[in-house]
Amino acid sequence: MKRNLLISFFSLLCLWVSAAEKTDFDKAVRSAVERQMQGYPKSTLKDLYKNFFQDKFGPGHIVSDTTAAGNYLRREMASYTETEGEIAEPTGWEGNFYRVNLSVIKNGQIPYQTFFDAFIRSVNGIRPVTVAEWQKEWNRIEAIIRSMNLSLPDYENDRKEIDDRLERGEYVGHHSKAFEDSYSPHYRIISKEIFEQELQPLIQLSSN
């Protein structure tokens with residue numbers, strides 16, 4: 001009898017924990033989506049996907065070759081004069097990384113080498129996850145986005161394109177043309193820890 005009661009108690013406890021985790025996940029995803037849509041109302045599902053995959057995979061997909069990453073950053077810095085957007089924005093629902101605007105280099109708030117070193121070292125903050133595991137998580141995220149009835153343009157085409165890419169074992173996504181044209185994004189992904197401990201103090205110091 002006692003054994004049956006104990007099993008029932010643990011079963012109920014597991015159900016309660018599972019429900020609480022689902023509620024927290026749902027709330028965090030919705031908050032991340034709302035944050036993006038408020039700041040970038042012309043975002044599409046592709047742009048939301050990019051935000052969430054960056055939170056999971058960080059900058060790993062673009063720093064496999066340090067020299068190439070440095071050359072690309074310098075070329076991008078030379079390709080524009082005006083900067084838009086927030087200085088730093090958290091990624092995804094967990095906030096593992098920040099999108100840090102390249103304006104911090106342009107405006108002299110952070111030296112180029114300091115920024116680039118932080119960018120490269122941010123790869124160390126990535127927790128290994130397979131594309132299959134990410135695909136399951138994205139499916140949960142996409143279901144929440146769908147339930148929010150955001151009337152995102154080309155939703156079904158974007159969803160299929162993302163699903164097909166994941167089925168091929170590819171996780172990297174790109175901003176939509178609408179996002180690029182509207183917001184001209186120029187940023188790099190920096191780990192939360194490195195940004196808050198190393199870069200944020202420099203930005204605050206330069207603002208005083």
# chains A, B, ... in the order shown; residues from 1 in each chain; ligands from 1
>>> residues_around(residues="Gln109 (chain A)", least_positions_apart="3", cutoff="10 Å", atoms="only C-alpha atoms", output="list in words")
Ser103, Val104, Ile105, Lys106, Tyr112, Phe115, Leu199, Gln200, Leu202, Ile203, Gln204, Leu205, Ser206 and Ser207 of chain A
>>> closest_residue(among="A:Arg165, A:Lys46, A:Lys160, A:Arg146", to="Ala132 (chain A)", atoms="only C-alpha atoms")
A:Arg165
>>> closest_residue(among="A:Arg74, A:Lys177, A:His186, A:Arg140", to="Asp26 (chain A)", atoms="only C-alpha atoms")
A:Arg140
>>> closest_residue(among="A:Tyr72, A:Leu152, A:Lys56, A:Glu84", to="Tyr98 (chain A)", atoms="only C-alpha atoms")
A:Lys56
>>> atom_distance(atom1="CA of Asp154 (chain A)", atom2="CA of Arg168 (chain A)")
21.4 Å
>>> select_by_dssp(residues="chain A", states="strand (DSSP E)", output="ChimeraX atom specification")
/A:88-90,97-101,187-191
>>> residues_around(residues="Phe52 (chain A)", least_positions_apart="2", cutoff="10 Å", atoms="only C-alpha atoms", output="JSON, numbers by chain")
{"A": [29, 32, 33, 47, 48, 49, 50, 54, 55, 56, 57, 58, 91, 92, 93, 94, 95, 134, 137, 138, 141, 173]}
>>> atom_distance(atom1="CA of Gly39 (chain A)", atom2="CA of Glu86 (chain A)")
8.9 Å
>>> atom_distance(atom1="CA of Thr114 (chain A)", atom2="CA of Glu198 (chain A)")
9.1 Å
>>> closest_residue(among="A:Asn139, A:Arg35, A:Pro201, A:Tyr155", to="Ser176 (chain A)", atoms="only C-alpha atoms")
A:Tyr155
>>> residues_around(residues="Gly70 (chain A)", least_positions_apart="5", cutoff="12 Å", atoms="only C-alpha atoms", output="list of chain:residue names")
A:Ile62, A:Val63, A:Ser64, A:Asp65, A:Arg75, A:Glu76, A:Met77, A:Tyr112, A:Gln113, A:Phe115, A:Phe116, A:Asp117, A:Phe119, A:Ile120, A:Arg188
>>> closest_residue(among="A:Ile144, A:Leu102, A:Ala78, A:Ala118", to="Ser191 (chain A)", atoms="only C-alpha atoms")
A:Ala118
>>> closest_residue(among="A:Gln197, A:Ser43, A:Gln135, A:Asn101", to="Val172 (chain A)", atoms="only C-alpha atoms")
A:Gln135
>>> residues_around(residues="Ser184 (chain A)", least_positions_apart="3", cutoff="10 Å", atoms="only C-alpha atoms", output="list in words")
Tyr80, Glu82, Thr83, Glu84, Gly85, Lys177, Ala178, Phe179, Glu180, Asp181 and Tyr187 of chain A
>>> write_last_selection(atoms="N, CA, C and O atoms", output="PDB file, in the first residue's frame")
ATOM      1  N   TYR A  80      29.594  50.096 -44.751  1.00  0.00           N
ATOM      2  CA  TYR A  80      28.489  50.973 -44.407  1.00  0.00           C
ATOM      3  C   TYR A  80      28.983  52.084 -43.472  1.00  0.00           C
ATOM      4  O   TYR A  80      30.070  51.987 -42.881  1.00  0.00           O
ATOM      5  N   GLU A  82      26.229  54.280 -41.672  1.00  0.00           N
ATOM      6  CA  GLU A  82      25.181  54.463 -40.667  1.00  0.00           C
ATOM      7  C   GLU A  82      24.878  53.146 -39.945  1.00  0.00           C
ATOM      8  O   GLU A  82      24.860  52.087 -40.564  1.00  0.00           O
ATOM      9  N   THR A  83      24.635  53.233 -38.641  1.00  0.00           N
ATOM     10  CA  THR A  83      24.280  52.042 -37.867  1.00  0.00           C
ATOM     11  C   THR A  83      22.891  52.218 -37.257  1.00  0.00           C
ATOM     12  O   THR A  83      22.505  53.318 -36.875  1.00  0.00           O
ATOM     13  N   GLU A  84      22.151  51.115 -37.186  1.00  0.00           N
ATOM     14  CA  GLU A  84      20.808  51.133 -36.619  1.00  0.00           C
ATOM     15  C   GLU A  84      20.687  50.043 -35.562  1.00  0.00           C
ATOM     16  O   GLU A  84      21.512  49.134 -35.488  1.00  0.00           O
ATOM     17  N   GLY A  85      19.646  50.134 -34.771  1.00  0.00           N
ATOM     18  CA  GLY A  85      19.347  49.082 -33.813  1.00  0.00           C
ATOM     19  C   GLY A  85      19.969  49.315 -32.448  1.00  0.00           C
ATOM     20  O   GLY A  85      20.774  50.224 -32.243  1.00  0.00           O
ATOM     21  N   LYS A 177      14.904  39.019 -46.718  1.00  0.00           N
ATOM     22  CA  LYS A 177      15.241  40.228 -47.478  1.00  0.00           C
ATOM     23  C   LYS A 177      14.515  41.435 -46.887  1.00  0.00           C
ATOM     24  O   LYS A 177      15.075  42.546 -46.824  1.00  0.00           O
ATOM     25  N   ALA A 178      13.289  41.224 -46.440  1.00  0.00           N
ATOM     26  CA  ALA A 178      12.525  42.320 -45.842  1.00  0.00           C
ATOM     27  C   ALA A 178      13.231  42.866 -44.607  1.00  0.00           C
ATOM     28  O   ALA A 178      13.279  44.084 -44.378  1.00  0.00           O
ATOM     29  N   PHE A 179      13.781  41.964 -43.804  1.00  0.00           N
ATOM     30  CA  PHE A 179      14.503  42.375 -42.593  1.00  0.00           C
ATOM     31  C   PHE A 179      15.773  43.122 -42.975  1.00  0.00           C
ATOM     32  O   PHE A 179      16.077  44.194 -42.423  1.00  0.00           O
ATOM     33  N   GLU A 180      16.529  42.567 -43.919  1.00  0.00           N
ATOM     34  CA  GLU A 180      17.768  43.205 -44.365  1.00  0.00           C
ATOM     35  C   GLU A 180      17.498  44.602 -44.903  1.00  0.00           C
ATOM     36  O   GLU A 180      18.204  45.560 -44.565  1.00  0.00           O
ATOM     37  N   ASP A 181      16.480  44.726 -45.741  1.00  0.00           N
ATOM     38  CA  ASP A 181      16.169  46.012 -46.362  1.00  0.00           C
ATOM     39  C   ASP A 181      15.665  47.029 -45.344  1.00  0.00           C
ATOM     40  O   ASP A 181      15.959  48.223 -45.454  1.00  0.00           O
ATOM     41  N   TYR A 187      25.861  43.116 -36.775  1.00  0.00           N
ATOM     42  CA  TYR A 187      26.154  42.715 -35.402  1.00  0.00           C
ATOM     43  C   TYR A 187      26.961  41.416 -35.407  1.00  0.00           C
ATOM     44  O   TYR A 187      27.112  40.764 -36.439  1.00  0.00           O
TER      45      TYR A 187
END
>>> select_by_dssp(residues="region 31-177 of chain A", states="helix (DSSP H, G or I)", output="ChimeraX atom specification")
/A:31-39,45-57,60-62,66-78,103-106,112-125,131-147,155-167,177
>>> residues_around(residues="Gly125 (chain A)", least_positions_apart="3", cutoff="9 Å", atoms="only C-alpha atoms", output="list in words")
Gly58, Asn96, Phe97, Arg121, Ser122, Ser191, Lys192 and Glu193 of chain A
